[in-house]
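coords17.txt follows (compact mmCIF, C-alpha atoms (C1' of nucleotides)):
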```txt
# COMPACT_ATOMS: atom_id res chain seq x y z
CA MET A 1 0.00 0.00 0.00
CA SER A 2 1.52 3.25 -1.12
CA SER A 3 1.69 6.07 1.39
CA ASN A 4 -0.63 8.95 0.75
CA PRO A 5 1.32 12.21 0.56
CA LYS A 6 -1.11 15.02 1.22
CA SER A 7 -0.42 18.39 -0.25
CA LYS A 8 -0.01 21.22 2.21
CA LYS A 9 -3.22 22.66 0.89
CA GLN A 10 -5.06 19.46 1.70
CA ILE A 11 -3.60 19.47 5.20
CA ILE A 12 -4.75 23.04 5.72
CA PHE A 13 -8.29 22.16 4.62
CA GLN A 14 -8.40 19.10 6.85
CA GLU A 15 -7.14 20.86 9.97
CA ALA A 16 -9.41 23.82 9.31
CA ALA A 17 -12.43 21.54 9.00
CA GLU A 18 -11.65 19.99 12.37
CA LEU A 19 -11.31 23.40 13.99
CA PHE A 20 -14.52 24.66 12.40
CA ARG A 21 -16.26 21.55 13.67
CA ASP A 22 -14.98 21.96 17.22
CA LYS A 23 -15.13 25.72 17.71
CA GLY A 24 -17.30 26.95 14.87
CA TYR A 25 -16.16 29.07 11.95
CA PRO A 26 -16.17 32.55 13.52
CA ALA A 27 -14.44 31.36 16.66
CA THR A 28 -11.64 29.71 14.69
CA SER A 29 -8.75 32.06 14.02
CA MET A 30 -6.10 31.77 11.38
CA ARG A 31 -3.62 31.79 14.25
CA ASP A 32 -5.32 28.70 15.73
CA LEU A 33 -5.07 27.05 12.36
CA ALA A 34 -1.46 28.11 11.88
CA GLU A 35 -0.45 26.43 15.10
CA ARG A 36 -2.18 23.21 14.07
CA VAL A 37 -0.59 23.11 10.65
CA GLY A 38 2.81 24.23 11.84
CA LEU A 39 3.02 27.40 9.79
CA LYS A 40 2.93 31.10 10.51
CA PRO A 41 -0.48 32.63 9.81
CA SER A 42 0.81 34.66 6.90
CA SER A 43 2.10 31.57 5.16
CA PHE A 44 -1.35 30.26 4.41
CA TYR A 45 -1.92 32.89 1.85
CA SER A 46 0.47 31.18 -0.55
CA HIS A 47 -1.95 28.24 -0.50
CA ILE A 48 -5.38 29.72 -0.04
CA LYS A 49 -7.00 33.00 -0.83
CA SER A 50 -8.90 33.55 2.40
CA LYS A 51 -10.37 31.90 5.47
CA GLU A 52 -13.76 31.81 3.85
CA GLU A 53 -12.47 29.94 0.82
CA ILE A 54 -12.08 26.93 3.12
CA LEU A 55 -15.64 27.17 4.36
CA GLN A 56 -16.93 27.56 0.82
CA LYS A 57 -15.18 24.42 -0.34
CA ILE A 58 -16.53 22.39 2.57
CA CYS A 59 -20.10 23.61 2.14
CA PHE A 60 -20.31 23.25 -1.61
CA ASP A 61 -18.51 19.91 -1.78
CA SER A 62 -21.03 18.47 0.66
CA ALA A 63 -23.94 20.11 -1.08
CA GLU A 64 -22.80 18.48 -4.29
CA LYS A 65 -22.88 15.05 -2.69
CA PHE A 66 -26.52 15.59 -1.83
CA THR A 67 -27.34 17.00 -5.24
CA ILE A 68 -25.75 14.05 -7.02
CA GLY A 69 -27.38 11.58 -4.67
CA MET A 70 -30.77 13.15 -5.20
CA LYS A 71 -30.36 13.00 -8.95
CA GLU A 72 -29.57 9.29 -8.78
CA VAL A 73 -32.64 8.67 -6.64
CA CYS A 74 -34.90 10.66 -8.94
CA ASP A 75 -33.57 8.81 -11.99
CA THR A 76 -34.36 5.45 -10.42
CA GLU A 77 -37.38 3.41 -11.24
CA ALA A 78 -38.58 2.66 -7.74
CA THR A 79 -41.49 3.09 -5.38
CA ASN A 80 -41.58 6.21 -3.28
CA LYS A 81 -40.93 4.10 -0.24
CA GLU A 82 -37.77 2.75 -1.86
CA LYS A 83 -36.74 6.25 -2.86
CA LEU A 84 -37.16 7.46 0.69
CA GLN A 85 -35.02 4.56 1.88
CA LEU A 86 -32.34 5.54 -0.61
CA LEU A 87 -32.43 9.14 0.60
CA ILE A 88 -32.06 8.08 4.21
CA ARG A 89 -29.10 5.96 3.18
CA LEU A 90 -27.67 8.95 1.34
CA HIS A 91 -27.80 11.08 4.48
CA ILE A 92 -26.23 8.33 6.54
CA LYS A 93 -23.51 7.83 3.95
CA VAL A 94 -22.56 11.51 3.76
CA ALA A 95 -22.61 11.88 7.53
CA THR A 96 -20.50 8.83 8.24
CA GLU A 97 -18.06 8.95 5.31
CA ASP A 98 -16.64 12.30 6.37
CA PRO A 99 -18.19 13.27 9.70
CA THR A 100 -16.05 16.36 10.12
CA THR A 101 -16.99 17.88 6.82
CA ALA A 102 -20.63 16.89 7.30
CA THR A 103 -20.77 18.69 10.64
CA VAL A 104 -19.30 21.88 9.25
CA PHE A 105 -21.68 21.69 6.30
CA ASN A 106 -24.62 21.32 8.67
CA ASP A 107 -23.74 24.01 11.16
CA GLU A 108 -21.49 26.62 9.59
CA TRP A 109 -22.99 27.42 6.19
CA ARG A 110 -24.67 30.53 7.54
CA HIS A 111 -21.30 32.22 7.83
CA LEU A 112 -20.85 32.20 4.07
CA SER A 113 -20.79 35.69 2.62
CA GLU A 114 -22.82 36.75 -0.37
CA PRO A 115 -23.27 35.66 -3.06
CA HIS A 116 -22.14 32.27 -1.78
CA LEU A 117 -24.79 32.16 0.91
CA SER A 118 -27.59 32.69 -1.60
CA ASN A 119 -26.13 30.09 -3.92
CA PHE A 120 -25.92 27.62 -1.09
CA LEU A 121 -29.49 28.25 0.00
CA ALA A 122 -30.68 27.83 -3.58
CA LEU A 123 -29.05 24.39 -3.73
CA ARG A 124 -30.66 23.45 -0.45
CA ARG A 125 -34.07 24.67 -1.51
CA ASP A 126 -33.77 22.62 -4.66
CA TYR A 127 -32.78 19.50 -2.75
CA GLU A 128 -35.61 19.90 -0.28
CA SER A 129 -38.18 20.46 -2.98
CA HIS A 130 -37.22 17.19 -4.68
CA PHE A 131 -37.36 15.46 -1.32
CA LEU A 132 -40.81 16.92 -0.67
CA LYS A 133 -42.10 15.75 -4.03
CA ILE A 134 -41.18 12.16 -3.19
CA ILE A 135 -42.95 12.38 0.16
CA GLU A 136 -46.02 13.93 -1.44
CA ALA A 137 -46.08 11.27 -4.14
CA GLY A 138 -45.83 8.57 -1.50
CA ILE A 139 -48.75 10.03 0.40
CA SER A 140 -50.93 10.16 -2.68
CA THR A 141 -50.13 6.52 -3.54
CA GLN A 142 -50.95 5.65 0.08
CA GLU A 143 -47.45 4.33 0.69
CA PHE A 144 -47.07 6.94 3.43
CA LYS A 145 -49.33 8.26 6.13
CA GLN A 146 -51.26 11.49 5.73
CA ILE A 147 -48.82 13.72 7.58
CA SER A 148 -47.76 17.20 6.51
CA PRO A 149 -44.96 16.55 3.99
CA SER A 150 -42.71 19.33 5.23
CA LEU A 151 -43.10 17.99 8.75
CA VAL A 152 -41.92 14.60 7.52
CA LEU A 153 -39.10 16.19 5.54
CA TYR A 154 -37.61 18.21 8.36
CA THR A 155 -38.09 15.49 10.92
CA ILE A 156 -36.20 12.98 8.81
CA ILE A 157 -33.41 15.30 7.71
CA ASN A 158 -32.77 16.54 11.22
CA SER A 159 -33.13 13.15 12.85
CA LEU A 160 -29.87 12.20 11.16
CA ARG A 161 -27.91 15.26 12.24
CA TRP A 162 -26.27 13.52 15.19
CA LEU A 163 -24.69 10.79 13.07
CA HIS A 164 -21.38 12.56 12.72
CA PHE A 165 -20.50 11.48 16.21
CA ALA A 166 -22.05 8.03 15.94
CA ASN A 167 -18.56 6.54 15.76
CA LYS A 168 -17.91 7.25 19.39
CA PRO A 169 -20.95 6.33 21.47
CA THR A 170 -22.11 3.38 19.39
CA LYS A 171 -18.86 1.90 18.23
CA GLU A 172 -20.27 -1.54 18.90
CA LEU A 173 -22.75 -1.13 16.05
CA SER A 174 -21.66 -1.79 12.49
CA ALA A 175 -22.42 0.75 9.80
CA THR A 176 -24.99 -1.45 8.09
CA GLN A 177 -26.58 -2.23 11.44
CA ILE A 178 -27.02 1.50 12.06
CA GLU A 179 -28.40 1.99 8.56
CA ASN A 180 -30.95 -0.74 8.86
CA ASP A 181 -32.07 0.21 12.36
CA LEU A 182 -32.49 3.84 11.35
CA ILE A 183 -34.54 3.00 8.31
CA GLN A 184 -36.78 0.77 10.37
CA LEU A 185 -37.08 3.47 13.02
CA LEU A 186 -38.00 6.22 10.58
CA LEU A 187 -40.25 4.17 8.32
CA GLN A 188 -42.03 2.17 11.02
CA GLY A 189 -41.41 4.02 14.28
CA VAL A 190 -40.24 3.00 17.74
CA GLU A 191 -43.35 1.10 18.69
CA LYS A 192 -43.29 -2.62 18.45
CA ASN A 193 -46.01 -3.91 16.19
CA VAL A 194 -48.51 -6.21 17.78
CA LEU A 195 -48.40 -9.52 16.00
CA MET B 1 -55.22 43.98 29.49
CA SER B 2 -52.36 45.87 31.05
CA SER B 3 -49.43 46.77 28.87
CA ASN B 4 -46.29 44.84 29.56
CA PRO B 5 -43.45 47.20 30.37
CA LYS B 6 -40.23 45.29 29.84
CA SER B 7 -37.20 46.29 31.81
CA LYS B 8 -34.21 47.37 29.79
CA LYS B 9 -32.43 44.27 30.99
CA GLN B 10 -35.19 42.11 29.56
CA ILE B 11 -34.98 43.97 26.27
CA ILE B 12 -31.24 43.42 26.13
CA PHE B 13 -31.66 39.69 26.75
CA GLN B 14 -34.38 39.39 24.12
CA GLU B 15 -32.48 41.26 21.41
CA ALA B 16 -29.30 39.38 22.24
CA ALA B 17 -31.10 36.05 21.94
CA GLU B 18 -32.33 37.00 18.47
CA LEU B 19 -28.86 38.01 17.37
CA PHE B 20 -27.29 34.86 18.79
CA ARG B 21 -29.94 32.84 16.96
CA ASP B 22 -29.31 34.60 13.63
CA LYS B 23 -25.53 35.04 13.65
CA GLY B 24 -24.32 32.73 16.38
CA TYR B 25 -22.75 33.80 19.66
CA PRO B 26 -19.16 34.50 18.59
CA ALA B 27 -20.25 36.41 15.49
CA THR B 28 -22.53 38.68 17.51
CA SER B 29 -20.75 41.75 18.79
CA MET B 30 -21.74 44.03 21.60
CA ARG B 31 -21.77 46.77 18.98
CA ASP B 32 -24.40 44.86 16.97
CA LEU B 33 -26.43 44.47 20.10
CA ALA B 34 -26.02 48.12 21.06
CA GLU B 35 -27.44 49.23 17.75
CA ARG B 36 -30.46 46.95 18.14
CA VAL B 37 -31.22 48.09 21.67
CA GLY B 38 -30.50 51.76 20.98
CA LEU B 39 -27.69 52.15 23.44
CA LYS B 40 -23.96 52.70 23.22
CA PRO B 41 -22.03 49.47 23.80
CA SER B 42 -20.60 50.69 27.07
CA SER B 43 -24.06 51.32 28.50
CA PHE B 44 -24.87 47.63 28.72
CA TYR B 45 -22.53 47.17 31.56
CA SER B 46 -24.88 48.98 33.90
CA HIS B 47 -27.35 46.17 33.24
CA ILE B 48 -25.30 43.07 32.66
CA LYS B 49 -21.92 41.82 33.73
CA SER B 50 -20.68 40.46 30.43
CA LYS B 51 -21.72 39.14 27.04
CA GLU B 52 -21.42 35.59 28.26
CA GLU B 53 -23.82 36.21 31.12
CA ILE B 54 -26.57 36.44 28.50
CA LEU B 55 -25.62 33.13 26.93
CA GLN B 56 -25.44 31.50 30.35
CA LYS B 57 -28.93 32.61 31.26
CA ILE B 58 -30.37 31.36 27.98
CA CYS B 59 -28.66 27.98 28.19
CA PHE B 60 -29.40 27.24 31.82
CA ASP B 61 -32.99 28.50 31.74
CA SER B 62 -33.72 26.12 28.86
CA ALA B 63 -31.84 23.30 30.49
CA GLU B 64 -33.98 23.77 33.58
CA LYS B 65 -37.16 23.39 31.53
CA PHE B 66 -35.95 20.00 30.38
CA THR B 67 -34.81 18.97 33.82
CA ILE B 68 -38.17 19.88 35.37
CA GLY B 69 -40.07 18.23 32.54
CA MET B 70 -38.07 15.05 32.89
CA LYS B 71 -38.69 14.95 36.62
CA GLU B 72 -42.43 15.20 36.06
CA VAL B 73 -42.31 12.39 33.53
CA CYS B 74 -40.28 10.16 35.81
CA ASP B 75 -42.63 10.80 38.73
CA THR B 76 -45.64 9.75 36.66
CA GLU B 77 -47.24 6.37 36.85
CA ALA B 78 -47.40 5.55 33.17
CA THR B 79 -46.25 3.05 30.60
CA ASN B 80 -42.93 3.68 28.91
CA LYS B 81 -44.77 4.41 25.71
CA GLU B 82 -46.77 7.11 27.47
CA LYS B 83 -43.62 8.50 29.05
CA LEU B 84 -41.96 8.71 25.65
CA GLN B 85 -44.99 10.56 24.33
CA LEU B 86 -44.75 13.02 27.20
CA LEU B 87 -41.07 13.59 26.48
CA ILE B 88 -41.75 14.26 22.83
CA ARG B 89 -44.43 16.73 23.88
CA LEU B 90 -41.92 18.33 26.23
CA HIS B 91 -39.43 18.90 23.42
CA ILE B 92 -42.15 20.31 21.20
CA LYS B 93 -43.36 22.60 23.97
CA VAL B 94 -39.93 24.01 24.75
CA ALA B 95 -39.13 24.50 21.08
CA THR B 96 -42.38 26.24 20.20
CA GLU B 97 -42.98 28.29 23.35
CA ASP B 98 -39.80 30.27 22.91
CA PRO B 99 -38.21 29.33 19.58
CA THR B 100 -35.46 31.91 19.78
CA THR B 101 -34.20 30.79 23.15
CA ALA B 102 -34.56 27.15 22.16
CA THR B 103 -32.38 27.66 19.09
CA VAL B 104 -29.65 29.38 21.04
CA PHE B 105 -29.78 26.65 23.67
CA ASN B 106 -29.43 24.02 20.98
CA ASP B 107 -26.64 25.56 18.96
CA GLU B 108 -24.60 27.95 21.10
CA TRP B 109 -23.98 26.17 24.39
CA ARG B 110 -20.52 25.13 23.28
CA HIS B 111 -19.37 28.72 23.60
CA LEU B 112 -19.88 28.70 27.34
CA SER B 113 -16.63 29.10 29.26
CA GLU B 114 -15.62 26.87 32.12
CA PRO B 115 -16.95 25.96 34.60
CA HIS B 116 -20.31 26.71 32.99
CA LEU B 117 -19.67 24.43 30.05
CA SER B 118 -18.99 21.46 32.30
CA ASN B 119 -22.05 22.22 34.40
CA PHE B 120 -24.18 22.41 31.30
CA LEU B 121 -22.87 19.14 29.93
CA ALA B 122 -23.51 17.45 33.26
CA LEU B 123 -27.15 18.54 33.11
CA ARG B 124 -27.44 17.24 29.59
CA ARG B 125 -25.82 13.93 30.43
CA ASP B 126 -28.24 13.53 33.30
CA TYR B 127 -31.24 14.30 31.10
CA GLU B 128 -30.12 11.89 28.42
CA SER B 129 -29.46 9.09 30.87
CA HIS B 130 -33.01 9.35 32.20
CA PHE B 131 -34.31 9.39 28.64
CA LEU B 132 -32.25 6.31 27.83
CA LYS B 133 -33.59 4.43 30.84
CA ILE B 134 -37.14 4.93 29.65
CA ILE B 135 -36.27 3.64 26.18
CA GLU B 136 -34.45 0.65 27.62
CA ALA B 137 -37.35 -0.14 29.92
CA GLY B 138 -39.75 0.07 26.98
CA ILE B 139 -37.63 -2.33 25.00
CA SER B 140 -37.52 -4.87 27.80
CA THR B 141 -41.31 -4.71 28.25
CA GLN B 142 -41.62 -5.17 24.48
CA GLU B 143 -43.39 -1.84 24.09
CA PHE B 144 -40.58 -0.75 21.79
CA LYS B 145 -38.62 -2.42 19.04
CA GLN B 146 -35.20 -3.90 19.64
CA ILE B 147 -33.17 -0.95 18.37
CA SER B 148 -30.04 0.44 20.00
CA PRO B 149 -31.43 2.75 22.72
CA SER B 150 -28.92 5.54 22.10
CA LEU B 151 -29.76 5.42 18.42
CA VAL B 152 -33.41 5.93 19.32
CA LEU B 153 -32.53 8.68 21.79
CA TYR B 154 -30.46 10.79 19.43
CA THR B 155 -32.76 10.26 16.50
CA ILE B 156 -35.76 11.50 18.47
CA ILE B 157 -34.04 14.41 20.16
CA ASN B 158 -32.54 15.67 16.93
CA SER B 159 -35.61 15.06 14.85
CA LEU B 160 -37.25 17.90 16.75
CA ARG B 161 -34.44 20.40 16.29
CA TRP B 162 -36.06 22.15 13.34
CA LEU B 163 -39.23 23.03 15.26
CA HIS B 164 -38.03 26.47 16.19
CA PHE B 165 -38.86 27.65 12.74
CA ALA B 166 -42.05 25.63 12.37
CA ASN B 167 -44.08 28.80 12.77
CA LYS B 168 -43.09 30.05 9.38
CA PRO B 169 -43.29 27.25 6.82
CA THR B 170 -46.20 25.38 8.38
CA LYS B 171 -48.28 28.19 9.74
CA GLU B 172 -51.35 26.41 8.46
CA LEU B 173 -50.89 23.64 11.00
CA SER B 174 -52.12 24.12 14.55
CA ALA B 175 -49.82 23.39 17.45
CA THR B 176 -51.75 20.34 18.56
CA GLN B 177 -51.91 19.09 14.97
CA ILE B 178 -48.12 19.28 14.80
CA GLU B 179 -47.80 17.55 18.14
CA ASN B 180 -50.05 14.68 17.22
CA ASP B 181 -48.54 14.18 13.77
CA LEU B 182 -45.03 14.17 15.19
CA ILE B 183 -45.88 11.64 17.85
CA GLN B 184 -47.47 9.39 15.29
CA LEU B 185 -44.47 9.82 13.00
CA LEU B 186 -41.91 8.99 15.67
CA LEU B 187 -43.82 6.20 17.35
CA GLN B 188 -45.19 4.52 14.24
CA GLY B 189 -43.10 5.84 11.35
CA VAL B 190 -43.91 7.28 7.94
CA GLU B 191 -45.17 4.09 6.39
CA LYS B 192 -48.86 3.58 6.17
CA ASN B 193 -49.92 0.39 7.89
CA VAL B 194 -51.58 -2.19 5.77
CA LEU B 195 -55.07 -2.75 7.10
C1' DG C 1 -27.92 55.14 33.43
C1' DT C 2 -25.99 57.00 29.53
C1' DC C 3 -22.55 59.10 27.40
C1' DT C 4 -17.36 59.98 25.37
C1' DA C 5 -13.04 58.35 25.36
C1' DT C 6 -10.10 54.78 25.56
C1' DA C 7 -7.54 50.63 26.89
C1' DC C 8 -5.64 46.72 24.89
C1' DG C 9 -5.66 42.34 22.82
C1' DA C 10 -7.23 39.63 18.70
C1' DT C 11 -8.68 39.60 14.09
C1' DG C 12 -7.91 38.61 8.77
C1' DA C 13 -4.84 39.91 5.59
C1' DT C 14 -0.66 42.17 3.16
C1' DA C 15 4.33 43.78 2.02
C1' DG C 16 8.56 42.56 1.21
C1' DA C 17 13.05 40.16 2.67
C1' DC C 18 15.05 35.71 2.00
C1' DG D 1 6.87 29.15 0.24
C1' DT D 2 8.03 30.73 4.58
C1' DC D 3 9.29 34.11 7.31
C1' DT D 4 9.12 38.97 10.17
C1' DA D 5 6.87 43.01 10.57
C1' DT D 6 2.93 45.39 10.25
C1' DC D 7 -1.69 47.31 9.00
C1' DA D 8 -6.38 48.52 9.73
C1' DT D 9 -10.17 47.02 12.03
C1' DC D 10 -12.83 45.09 15.34
C1' DG D 11 -13.46 42.64 19.85
C1' DT D 12 -15.03 43.14 25.07
C1' DA D 13 -14.78 45.89 28.66
C1' DT D 14 -13.57 49.98 31.83
C1' DA D 15 -12.98 55.00 33.58
C1' DG D 16 -14.96 58.91 34.59
C1' DA D 17 -17.86 63.11 33.22
C1' DC D 18 -22.64 64.39 33.33
```
Any chance you could put this one into structure tokens?
Amino acid sequence: MSSNPKSKKQIIFQEAAELFRDKGYPATSMRDLAERVGLKPSSFYSHIKSKEEILQKICFDSAEKFTIGMKEVCDTEATNKEKLQLLIRLHIKVATEDPTTATVFNDEWRHLSEPHLSNFLALRRDYESHFLKIIEAGISTQEFKQISPSLVLYTIINSLRWLHFANKPTKELSATQIENDLIQLLLQGVEKNVL
Amino acid sequence: MSSNPKSKKQIIFQEAAELFRDKGYPATSMRDLAERVGLKPSSFYSHIKSKEEILQKICFDSAEKFTIGMKEVCDTEATNKEKLQLLIRLHIKVATEDPTTATVFNDEWRHLSEPHLSNFLALRRDYESHFLKIIEAGISTQEFKQISPSLVLYTIINSLRWLHFANKPTKELSATQIENDLIQLLLQGVEKNVL
DNA sequence: GTCTATACGATGATAGAC
DNA sequence: GTCTATCATCGTATAGAC
């Protein structure tokens, strides 16, 4: 197995993401980051243009994962129930593949400046509207219960927002175990069915 | 109905909470707050001790609501399923009664300094451990499915984290409608049962 | 209680030597 | 590409006049 030499730029992005995750974007200083990377603060600017460039990359890279995933789901021939399952798996995949980035994406996007903030929100609106359409379709085919679609949407999306730290408290559970339990929980609830 | 004359201190706390909600705690400056309240930044310090005092009050007041609510639930004679329902109602109540405060509580607690941060985390740990016990008990009585209790805990708690802005997009839904739909969704899932 | 003035450290970013 | 030195600005908070 060949070693994986990371460019200094990649190291900067990685360390920055961890700091943003732990302290939040505004509370992370370039001096904090410098110490972590082992450079003087001024030396970054040979590699990156600004602090916000890092945040932009994190937010839009993650957004793209969701956009691509949604496109795949929409292009599938499948029931709405199956599509919803795929979307839940998509959220789990993004959150667990790169938990650091996923956390920053979730919590720090609001610190984007314009026009990046508006662009980001447009991507999110688009994603959510596709998600909503699937829920609405599933309700009209009677696959899903008659519950306000946006209520279902936000409940599901947010229910998965803790996953980024699932590695620690539930290390005993395998990734597929978590996936399957979550899908059962969200599709069929906590209550045990009477047989 | 008598008018409700708010003290200047109350106004400061209210405006600060809204700024913390919108921009986050570190990104909110005392100068921002001064402009909102109509005072010079230095004038606050006749009313409050520090910026962090505001955050502390918000976080610990909300934490107390959960602590009290949990105590009531634990003191009840009820099935675990009923207790879980009560807890879901508690989260909905806290989130919708004062959405601004609830948001700050949810997202900004990590900016507390020591020893407040540790105290806060201890309260949260305590709350979660009581919550977990109820889920575990419900699993052993076969009221709930065999799903990792902490997975159920975090999924439920986080699924309700969007409620603070439920006023806007779902204004058409009444509060009790939202409550009942959410309980059905979390207890029994999205899927429509086959009859 | 509110103001003006200010202390003083931290901030993101740049200039220019090497 | 990394450094030292520095800039301009903003941060929370205080002192003291009114």
All residues 12 Å or closer to D:DT12, only C-alpha atoms (C1' of nucleotides), same chain fewer than 4 positions away omitted, as a ChimeraX atom specification = /B:26,28-31,41-42,44-45,49-52 /C:7-10
query = Do you know which residues are at most 12 Å from C:DC18 counting all atoms listed in the file, after dropping those on the same chain fewer than 4 positions away, and could you put them as a ChimeraX atom specification?
reply = /D:1-4
message = Could you list, as a PyMOL selection string, every residue within 10 Å of B:Lys81, counting all atoms listed in the file and ignoring same-chain residues fewer than 3 positions away?
response = (chain A and resi 190-191) or (chain B and resi 78+84-87+134-135+137-139+143-144+187)
task = Provide as a count of residues only the residues of chain C at most 12 Å from chain B, counting all atoms listed in the file.
result = 6
key: Which residue of A:Asp32, A:Asp61, A:Asp181, A:Asp75 approaches chain B most closely, using all atoms listed in the file   = A:Asp181
ask   = What residues in chain B lie within 9 Å of chain A, counting all atoms listed in the file, written as a ChimeraX atom specification?
value = /B:22-24,26-27,81,107,110-111,139,142-148,150-152,154-163,166,169-170,173,178,181-182,184-193
